[in-house]
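Asks: Supplied structure: final-v6.json, JSON, C-alpha atoms.
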```json
[["chain", "number", "residue", "atom", "x", "y", "z"],
["A", 1260, "MET", "CA", 26.35, -0.96, -3.02],
["A", 1261, "LYS", "CA", 22.65, -0.90, -2.14],
["A", 1262, "PRO", "CA", 20.69, 1.64, -4.21],
["A", 1263, "VAL", "CA", 18.18, 3.91, -2.49],
["A", 1264, "ILE", "CA", 14.75, 3.13, -4.01],
["A", 1265, "ARG", "CA", 11.65, 4.97, -2.81],
["A", 1266, "VAL", "CA", 8.06, 5.17, -4.08],
["A", 1267, "GLN", "CA", 6.12, 7.74, -2.12],
["A", 1268, "ALA", "CA", 3.24, 10.23, -2.15],
["A", 1269, "ASP", "CA", 5.31, 12.83, -0.27],
["A", 1270, "ASP", "CA", 7.62, 15.36, -1.87],
["A", 1271, "PHE", "CA", 11.39, 14.89, -1.65],
["A", 1272, "ASP", "CA", 14.31, 17.30, -1.29],
["A", 1273, "PRO", "CA", 16.68, 17.08, -4.29],
["A", 1274, "ALA", "CA", 19.43, 18.93, -2.39],
["A", 1275, "ALA", "CA", 19.29, 16.44, 0.49],
["A", 1276, "GLU", "CA", 19.31, 13.54, -1.97],
["A", 1277, "ALA", "CA", 22.30, 15.00, -3.84],
["A", 1278, "ALA", "CA", 24.10, 15.53, -0.51],
["A", 1279, "ARG", "CA", 23.55, 11.88, 0.37],
["A", 1280, "LEU", "CA", 25.15, 10.88, -2.95],
["A", 1281, "GLU", "CA", 28.05, 13.27, -2.32],
["A", 1282, "ALA", "CA", 28.82, 11.77, 1.08],
["A", 1283, "GLY", "CA", 32.11, 9.92, 1.10],
["A", 1284, "GLY", "CA", 33.55, 12.05, -1.73],
["A", 1285, "PRO", "CA", 32.86, 9.88, -4.77],
["A", 1286, "GLY", "CA", 34.39, 12.32, -7.29],
["A", 1287, "ALA", "CA", 31.23, 12.91, -9.33],
["A", 1288, "VAL", "CA", 27.48, 13.11, -8.74],
["A", 1289, "ALA", "CA", 24.87, 13.46, -11.51],
["A", 1290, "THR", "CA", 21.19, 13.99, -10.71],
["A", 1291, "PHE", "CA", 17.96, 14.50, -12.63],
["A", 1292, "THR", "CA", 14.69, 15.88, -11.24],
["A", 1293, "GLY", "CA", 11.44, 15.55, -13.21],
["A", 1294, "ILE", "CA", 8.75, 18.20, -12.64],
["A", 1295, "VAL", "CA", 5.06, 18.31, -13.64],
["A", 1296, "ARG", "CA", 5.11, 20.68, -16.63],
["A", 1297, "ARG", "CA", 3.01, 23.83, -16.34],
["A", 1298, "GLU", "CA", 1.18, 24.00, -19.67],
["A", 1299, "GLY", "CA", -2.26, 24.67, -21.11],
["A", 1300, "ASP", "CA", -5.09, 24.17, -18.66],
["A", 1301, "LEU", "CA", -3.56, 21.18, -16.86],
["A", 1302, "VAL", "CA", -4.59, 21.32, -13.21],
["A", 1303, "ALA", "CA", -3.19, 18.03, -11.92],
["A", 1304, "MET", "CA", -1.64, 14.73, -12.77],
["A", 1305, "GLU", "CA", -2.69, 11.51, -11.06],
["A", 1306, "LEU", "CA", 0.00, 8.83, -10.88],
["A", 1307, "GLU", "CA", -1.12, 5.25, -10.52],
["A", 1308, "HIS", "CA", 1.27, 2.34, -10.02],
["A", 1309, "TYR", "CA", 1.46, -1.41, -9.38],
["A", 1310, "PRO", "CA", 2.58, -1.42, -5.74],
["A", 1311, "ALA", "CA", 3.69, -5.05, -5.54],
["A", 1312, "MET", "CA", 5.91, -4.64, -8.59],
["A", 1313, "THR", "CA", 7.10, -1.03, -8.60],
["A", 1314, "GLU", "CA", 10.02, -1.20, -6.18],
["A", 1315, "ARG", "CA", 11.28, -4.41, -7.76],
["A", 1316, "ALA", "CA", 11.17, -2.81, -11.23],
["A", 1317, "LEU", "CA", 13.07, 0.25, -9.99],
["A", 1318, "ALA", "CA", 15.62, -1.94, -8.19],
["A", 1319, "LYS", "CA", 16.18, -3.84, -11.44],
["A", 1320, "ILE", "CA", 16.83, -0.59, -13.34],
["A", 1321, "ALA", "CA", 19.35, 0.46, -10.67],
["A", 1322, "ALA", "CA", 21.00, -2.98, -10.72],
["A", 1323, "ASP", "CA", 21.30, -2.82, -14.53],
["A", 1324, "ALA", "CA", 22.93, 0.63, -14.23],
["A", 1325, "ALA", "CA", 25.33, -0.68, -11.56],
["A", 1326, "SER", "CA", 26.34, -3.58, -13.82],
["A", 1327, "ARG", "CA", 27.17, -1.23, -16.73],
["A", 1328, "TRP", "CA", 28.95, 1.66, -15.03],
["A", 1329, "ALA", "CA", 31.41, 1.97, -12.15],
["A", 1330, "VAL", "CA", 29.04, 3.73, -9.74],
["A", 1331, "THR", "CA", 29.41, 4.04, -5.98],
["A", 1332, "ALA", "CA", 25.81, 5.04, -5.11],
["A", 1333, "LEU", "CA", 22.44, 5.22, -6.89],
["A", 1334, "THR", "CA", 19.11, 6.77, -5.96],
["A", 1335, "ILE", "CA", 15.68, 6.47, -7.61],
["A", 1336, "ILE", "CA", 12.67, 8.22, -6.07],
["A", 1337, "HIS", "CA", 9.25, 8.29, -7.78],
["A", 1338, "ARG", "CA", 6.14, 9.97, -6.45],
["A", 1339, "VAL", "CA", 2.60, 8.62, -6.84],
["A", 1340, "GLY", "CA", -0.86, 10.11, -6.29],
["A", 1341, "ARG", "CA", -2.08, 13.58, -7.24],
["A", 1342, "LEU", "CA", 0.58, 16.08, -8.32],
["A", 1343, "THR", "CA", 0.01, 19.65, -9.48],
["A", 1344, "PRO", "CA", 2.03, 21.64, -12.07],
["A", 1345, "GLY", "CA", 5.45, 22.55, -10.70],
["A", 1346, "ALA", "CA", 5.53, 19.54, -8.36],
["A", 1347, "ARG", "CA", 8.50, 17.21, -8.41],
["A", 1348, "ILE", "CA", 7.66, 13.72, -9.76],
["A", 1349, "VAL", "CA", 10.91, 11.82, -10.02],
["A", 1350, "PHE", "CA", 14.55, 11.96, -8.94],
["A", 1351, "VAL", "CA", 17.42, 9.83, -10.16],
["A", 1352, "GLY", "CA", 21.00, 10.26, -9.07],
["A", 1353, "ALA", "CA", 24.30, 8.47, -9.51],
["A", 1354, "ALA", "CA", 27.63, 8.85, -7.75],
["A", 1355, "ALA", "CA", 30.87, 7.59, -9.28],
["A", 1356, "LYS", "CA", 34.60, 8.14, -9.18],
["A", 1357, "HIS", "CA", 34.47, 9.78, -12.62],
["A", 1358, "ARG", "CA", 31.89, 12.02, -14.29],
["A", 1359, "GLY", "CA", 31.27, 9.80, -17.33],
["A", 1360, "ASP", "CA", 30.03, 6.91, -15.21],
["A", 1361, "ALA", "CA", 27.83, 9.16, -13.05],
["A", 1362, "ILE", "CA", 26.27, 11.02, -16.00],
["A", 1363, "GLU", "CA", 25.63, 7.94, -18.13],
["A", 1364, "ALA", "CA", 24.23, 5.85, -15.26],
["A", 1365, "MET", "CA", 21.86, 8.71, -14.33],
["A", 1366, "HIS", "CA", 20.76, 9.17, -17.96],
["A", 1367, "PHE", "CA", 20.25, 5.43, -18.44],
["A", 1368, "MET", "CA", 18.09, 5.18, -15.31],
["A", 1369, "ILE", "CA", 15.72, 8.00, -16.30],
["A", 1370, "ASP", "CA", 15.39, 6.66, -19.86],
["A", 1371, "TRP", "CA", 14.61, 3.14, -18.63],
["A", 1372, "LEU", "CA", 12.28, 4.41, -15.95],
["A", 1373, "LYS", "CA", 10.02, 5.76, -18.71],
["A", 1374, "THR", "CA", 9.52, 2.32, -20.27],
["A", 1375, "ASP", "CA", 10.33, -0.28, -17.59],
["A", 1376, "ALA", "CA", 8.51, 0.78, -14.43],
["A", 1377, "PRO", "CA", 4.76, 0.26, -13.86],
["A", 1378, "PHE", "CA", 3.48, 3.83, -13.54],
["A", 1379, "TRP", "CA", 0.57, 5.42, -15.40],
["A", 1380, "LYS", "CA", -0.25, 9.14, -15.58],
["A", 1381, "ARG", "CA", -3.70, 10.63, -15.88],
["A", 1382, "GLU", "CA", -3.98, 14.33, -16.72],
["A", 1383, "GLN", "CA", -6.80, 16.45, -15.35],
["A", 1384, "PHE", "CA", -7.77, 19.72, -17.04],
["A", 1385, "ALA", "CA", -9.54, 22.87, -15.87],
["A", 1386, "ASP", "CA", -12.75, 22.04, -17.81],
["A", 1387, "GLY", "CA", -13.08, 18.71, -15.99],
["A", 1388, "ARG", "CA", -11.65, 16.68, -18.86],
["A", 1389, "SER", "CA", -9.29, 13.87, -17.85],
["A", 1390, "ASP", "CA", -7.14, 11.68, -20.10],
["A", 1391, "TRP", "CA", -4.62, 8.90, -19.62],
["A", 1392, "VAL", "CA", -1.24, 9.93, -20.99],
["A", 1393, "GLU", "CA", -0.23, 7.90, -24.07],
["A", 1394, "ALA", "CA", 3.20, 6.28, -24.12],
["A", 1395, "ARG", "CA", 5.57, 8.14, -26.45],
["A", 1396, "GLU", "CA", 7.47, 6.48, -29.29],
["A", 1397, "GLY", "CA", 10.42, 8.69, -28.37],
["A", 1398, "ASP", "CA", 10.65, 7.02, -24.96],
["A", 1399, "SER", "CA", 11.19, 3.59, -26.50],
["A", 1400, "ALA", "CA", 13.78, 5.09, -28.85],
["A", 1401, "ALA", "CA", 15.58, 6.68, -25.90],
["A", 1402, "ARG", "CA", 15.66, 3.32, -24.14],
["A", 1403, "ALA", "CA", 16.90, 1.52, -27.26],
["A", 1404, "ARG", "CA", 19.80, 3.96, -27.55],
["A", 1405, "TRP", "CA", 21.48, 2.21, -24.59],
["A", 1406, "ALA", "CA", 21.31, -1.27, -26.10],
["A", 1407, "GLY", "CA", 24.76, -1.14, -27.71],
["A", 1408, "LYS", "CA", 26.53, 0.51, -24.75],
["B", 1030, "MET", "CA", -5.90, -23.38, -11.56],
["B", 1031, "ALA", "CA", -6.84, -20.03, -10.02],
["B", 1032, "ILE", "CA", -5.01, -16.93, -11.26],
["B", 1033, "GLU", "CA", -5.08, -13.53, -9.62],
["B", 1034, "LEU", "CA", -5.70, -10.80, -12.22],
["B", 1035, "LEU", "CA", -4.86, -7.14, -11.73],
["B", 1036, "TYR", "CA", -5.95, -4.27, -13.97],
["B", 1037, "PHE", "CA", -4.43, -0.80, -14.15],
["B", 1038, "ALA", "CA", -5.18, 2.61, -15.70],
["B", 1039, "TRP", "CA", -7.83, 2.55, -18.48],
["B", 1040, "VAL", "CA", -7.98, -1.26, -18.43],
["B", 1041, "ARG", "CA", -9.16, -1.02, -14.81],
["B", 1042, "GLU", "CA", -11.64, 1.71, -15.70],
["B", 1043, "ALA", "CA", -13.10, -0.14, -18.72],
["B", 1044, "ILE", "CA", -13.65, -3.33, -16.70],
["B", 1045, "GLY", "CA", -14.74, -1.54, -13.55],
["B", 1046, "LEU", "CA", -12.58, -3.71, -11.29],
["B", 1047, "ASP", "CA", -9.00, -3.39, -10.07],
["B", 1048, "GLY", "CA", -8.66, -7.15, -9.94],
["B", 1049, "GLU", "CA", -10.33, -10.54, -9.64],
["B", 1050, "THR", "CA", -9.56, -14.24, -9.35],
["B", 1051, "VAL", "CA", -10.30, -16.37, -12.42],
["B", 1052, "GLU", "CA", -10.14, -20.06, -13.27],
["B", 1053, "PRO", "CA", -9.65, -20.25, -17.02],
["B", 1054, "PRO", "CA", -10.38, -23.56, -18.81],
["B", 1055, "LYS", "CA", -7.45, -25.88, -19.50],
["B", 1056, "GLU", "CA", -7.06, -24.90, -23.17],
["B", 1057, "VAL", "CA", -6.42, -21.30, -22.12],
["B", 1058, "ASP", "CA", -2.72, -21.85, -21.51],
["B", 1059, "THR", "CA", -0.99, -18.61, -22.55],
["B", 1060, "VAL", "CA", -1.40, -14.92, -21.75],
["B", 1061, "ALA", "CA", -2.64, -14.30, -25.33],
["B", 1062, "LYS", "CA", -5.36, -16.94, -24.94],
["B", 1063, "LEU", "CA", -6.28, -15.57, -21.52],
["B", 1064, "VAL", "CA", -6.77, -12.09, -23.00],
["B", 1065, "ASP", "CA", -8.96, -13.57, -25.78],
["B", 1066, "TRP", "CA", -10.94, -15.54, -23.23],
["B", 1067, "LEU", "CA", -11.49, -12.45, -21.08],
["B", 1068, "ALA", "CA", -12.48, -10.35, -24.13],
["B", 1069, "GLY", "CA", -15.21, -12.93, -24.79],
["B", 1070, "ARG", "CA", -16.95, -11.89, -21.59],
["B", 1071, "GLY", "CA", -18.23, -8.80, -23.42],
["B", 1072, "ASP", "CA", -18.98, -5.28, -22.11],
["B", 1073, "GLY", "CA", -15.98, -3.64, -20.48],
["B", 1074, "TYR", "CA", -13.82, -6.70, -21.09],
["B", 1075, "SER", "CA", -14.23, -6.64, -24.85],
["B", 1076, "GLU", "CA", -13.61, -2.88, -24.79],
["B", 1077, "ALA", "CA", -10.43, -3.25, -22.69],
["B", 1078, "PHE", "CA", -9.05, -6.23, -24.61],
["B", 1079, "ALA", "CA", -10.29, -5.57, -28.16],
["B", 1080, "ASP", "CA", -6.81, -4.56, -29.34],
["B", 1081, "PRO", "CA", -4.03, -6.51, -27.57],
["B", 1082, "SER", "CA", -1.41, -4.32, -29.27],
["B", 1083, "ARG", "CA", -2.50, -1.56, -26.86],
["B", 1084, "LEU", "CA", -1.87, -3.82, -23.85],
["B", 1085, "ARG", "CA", 1.16, -4.77, -21.82],
["B", 1086, "VAL", "CA", 1.44, -7.57, -19.31],
["B", 1087, "ALA", "CA", 3.30, -8.53, -16.16],
["B", 1088, "VAL", "CA", 3.43, -12.17, -15.07],
["B", 1089, "ASP", "CA", 4.15, -12.73, -11.38],
["B", 1090, "GLN", "CA", 5.21, -9.07, -11.14],
["B", 1091, "ARG", "CA", 7.67, -9.06, -14.06],
["B", 1092, "PHE", "CA", 7.09, -7.64, -17.54],
["B", 1093, "ALA", "CA", 6.36, -10.53, -19.91],
["B", 1094, "GLY", "CA", 5.20, -11.36, -23.42],
["B", 1095, "PHE", "CA", 1.80, -12.56, -24.61],
["B", 1096, "ASP", "CA", 3.28, -15.96, -25.43],
["B", 1097, "THR", "CA", 4.07, -16.60, -21.74],
["B", 1098, "THR", "CA", 2.58, -19.85, -20.48],
["B", 1099, "LEU", "CA", 0.10, -19.82, -17.60],
["B", 1100, "GLU", "CA", 1.67, -22.94, -16.10],
["B", 1101, "GLY", "CA", 2.31, -22.32, -12.40],
["B", 1102, "VAL", "CA", 1.50, -18.60, -12.72],
["B", 1103, "ARG", "CA", -0.14, -16.91, -9.74],
["B", 1104, "GLU", "CA", -0.57, -13.27, -10.71],
["B", 1105, "ILE", "CA", -1.11, -11.54, -14.05],
["B", 1106, "ALA", "CA", -1.44, -7.80, -14.49],
["B", 1107, "LEU", "CA", -2.89, -6.27, -17.67],
["B", 1108, "PHE", "CA", -2.35, -2.59, -18.40],
["B", 1109, "PRO", "CA", -1.55, 0.04, -21.05],
["B", 1110, "PRO", "CA", 2.06, 0.91, -21.96],
["B", 1111, "VAL", "CA", 3.62, 2.57, -18.91],
["B", 1112, "THR", "CA", 3.98, 6.37, -18.68],
["B", 1113, "GLY", "CA", 6.04, 7.07, -15.57],
["B", 1114, "GLY", "CA", 9.12, 9.22, -15.11]]
```
What's the structure tokens form of this structure?

Replies:
Amino acid sequence: MKPVIRVQADDFDPAAEAARLEAGGPGAVATFTGIVRREGDLVAMELEHYPAMTERALAKIAADAASRWAVTALTIIHRVGRLTPGARIVFVGAAAKHRGDAIEAMHFMIDWLKTDAPFWKREQFADGRSDWVEAREGDSAARARWAGK
Amino acid sequence: MAIELLYFAWVREAIGLDGETVEPPKEVDTVAKLVDWLAGRGDGYSEAFADPSRLRVAVDQRFAGFDTTLEGVREIALFPPVTGG
């Protein structure tokens, strides 16, 4: 099984990605789509990454998921560049024979993506202010949750 | 021994460069010592590297610890904790 890994500026189509995972009739498909939250006076989010390392880091997350759960297909897509509120940022999906494997593999991949892939977000606000997003303690806790599984 | 350095996010902004090639002296043989050595350059470097607990590192494009040796290393990236997803 070769996971689909893409890092791109362009938008993606979650329905088309889900359909790709459904092909072949795996039994279960679980997907997650992350969206730029519309809140306060946020006008855009700039996503920077480490191009030489990013795809390798995402491939490692997918490989770790594949070694833990009986999955038949995996997809990770992450956008970079300038994204406005409501825009899709990230998609992860897993196909498996049974729902437990698909759901857990998908959940694992999005939790690990938060802490183990070289992306950085910068928020831009209506008054011209711009701040780098701080890493959240909760993200490390979410990652740690999978350690015993 | 030349090492390719890469900086991301506010580390890049503080230093004003997205990367550079350095030749640290022989006694600078771990990532921790490299960060100290770079901080000693002053200005943006001391600002970016004043508090190593705010930094993360990748050695030859893999996440690594500050105790990693520089022996045979070609590329080191220094950056804040990641915030993707």

Asks: Please build the interface table for stretch 1050-1106 of chain B against stretch 1371-1375 of chain A with a cut-off of 12 Å, listing for each qualifying residue the nearest atom pair and the distance in Å to one decimal; count only C-alpha atoms, order rows by chain and increasing number, and write it as a tab-separated table.

Replies:
```
residue	atom	partner	partner_atom	distance
B:Arg1085	CA	A:Asp1375	CA	11.1
B:Val1086	CA	A:Asp1375	CA	11.6
B:Ala1087	CA	A:Asp1375	CA	10.9
B:Arg1091	CA	A:Asp1375	CA	9.8
B:Phe1092	CA	A:Asp1375	CA	8.0
B:Ala1093	CA	A:Asp1375	CA	11.2
```

Asks: Specify as an MDAnalysis selection string all residues of chain B found within 6 Å of chain A, counting all atoms listed in the file.

Replies: chainID B and resid 1090 1110:1114

Asks: Counting all atoms listed in the file, select every polymer residue within 12 Å of (30.9, 10.1, -11.9) as defined in the file's coordinates, and provide the selection as a PyMOL selection string.

Replies: chain A and resi 1280-1281+1284-1290+1328-1333+1352-1366

Asks: Could you pull the residues within 12 Å of stretch 1067-1070 of chain B, counting all atoms listed in the file, minus those fewer than 4 positions along the same chain, as a PyMOL selection string?

Replies: chain B and resi 1034+1040+1043-1044+1049+1051-1054+1057+1060-1063+1074-1081+1107

Asks: Mind writing the picked residues with C-alpha atoms as an mmCIF file, in the coordinates of the input?

Replies:
```
data_model
loop_
_atom_site.group_PDB
_atom_site.id
_atom_site.type_symbol
_atom_site.label_atom_id
_atom_site.label_comp_id
_atom_site.auth_asym_id
_atom_site.auth_seq_id
_atom_site.Cartn_x
_atom_site.Cartn_y
_atom_site.Cartn_z
ATOM 1 C CA LEU B 1034 -5.700 -10.800 -12.220
ATOM 2 C CA VAL B 1040 -7.980 -1.260 -18.430
ATOM 3 C CA ALA B 1043 -13.100 -0.140 -18.720
ATOM 4 C CA ILE B 1044 -13.650 -3.330 -16.700
ATOM 5 C CA GLU B 1049 -10.330 -10.540 -9.640
ATOM 6 C CA VAL B 1051 -10.300 -16.370 -12.420
ATOM 7 C CA GLU B 1052 -10.140 -20.060 -13.270
ATOM 8 C CA PRO B 1053 -9.650 -20.250 -17.020
ATOM 9 C CA PRO B 1054 -10.380 -23.560 -18.810
ATOM 10 C CA VAL B 1057 -6.420 -21.300 -22.120
ATOM 11 C CA VAL B 1060 -1.400 -14.920 -21.750
ATOM 12 C CA ALA B 1061 -2.640 -14.300 -25.330
ATOM 13 C CA LYS B 1062 -5.360 -16.940 -24.940
ATOM 14 C CA LEU B 1063 -6.280 -15.570 -21.520
ATOM 15 C CA TYR B 1074 -13.820 -6.700 -21.090
ATOM 16 C CA SER B 1075 -14.230 -6.640 -24.850
ATOM 17 C CA GLU B 1076 -13.610 -2.880 -24.790
ATOM 18 C CA ALA B 1077 -10.430 -3.250 -22.690
ATOM 19 C CA PHE B 1078 -9.050 -6.230 -24.610
ATOM 20 C CA ALA B 1079 -10.290 -5.570 -28.160
ATOM 21 C CA ASP B 1080 -6.810 -4.560 -29.340
ATOM 22 C CA PRO B 1081 -4.030 -6.510 -27.570
ATOM 23 C CA LEU B 1107 -2.890 -6.270 -17.670
#
```

Asks: Using 6 Å of padding on each side, determine the axis-aligned box around all atoms of stretch 1326-1336 of chain A present in the file and give its centre and edge lengths in Å to one decimal, as lines of an AutoDock Vina configuration file.

Replies:
```
center_x = 22.0
center_y = 2.3
center_z = -10.9
size_x = 30.7
size_y = 23.8
size_z = 23.6
```

Asks: So how far away is atom CA of A:Arg1265 from atom CA of A:Ala1303, in Å?

Replies: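 Interatomic distance, atom CA of A:Ala1303 to atom CA of A:Arg1265: 21.8 Å.
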
Asks: Please, what distance in Å, to one decimal, runs between atom CA of B:Thr1059 and atom CA of A:Lys1319?

Replies: 25.2 Å

Asks: What gap, in Å, lies between atom CA of B:Glu1100 and atom CA of B:Asp1047?

Replies: 23.1 Å
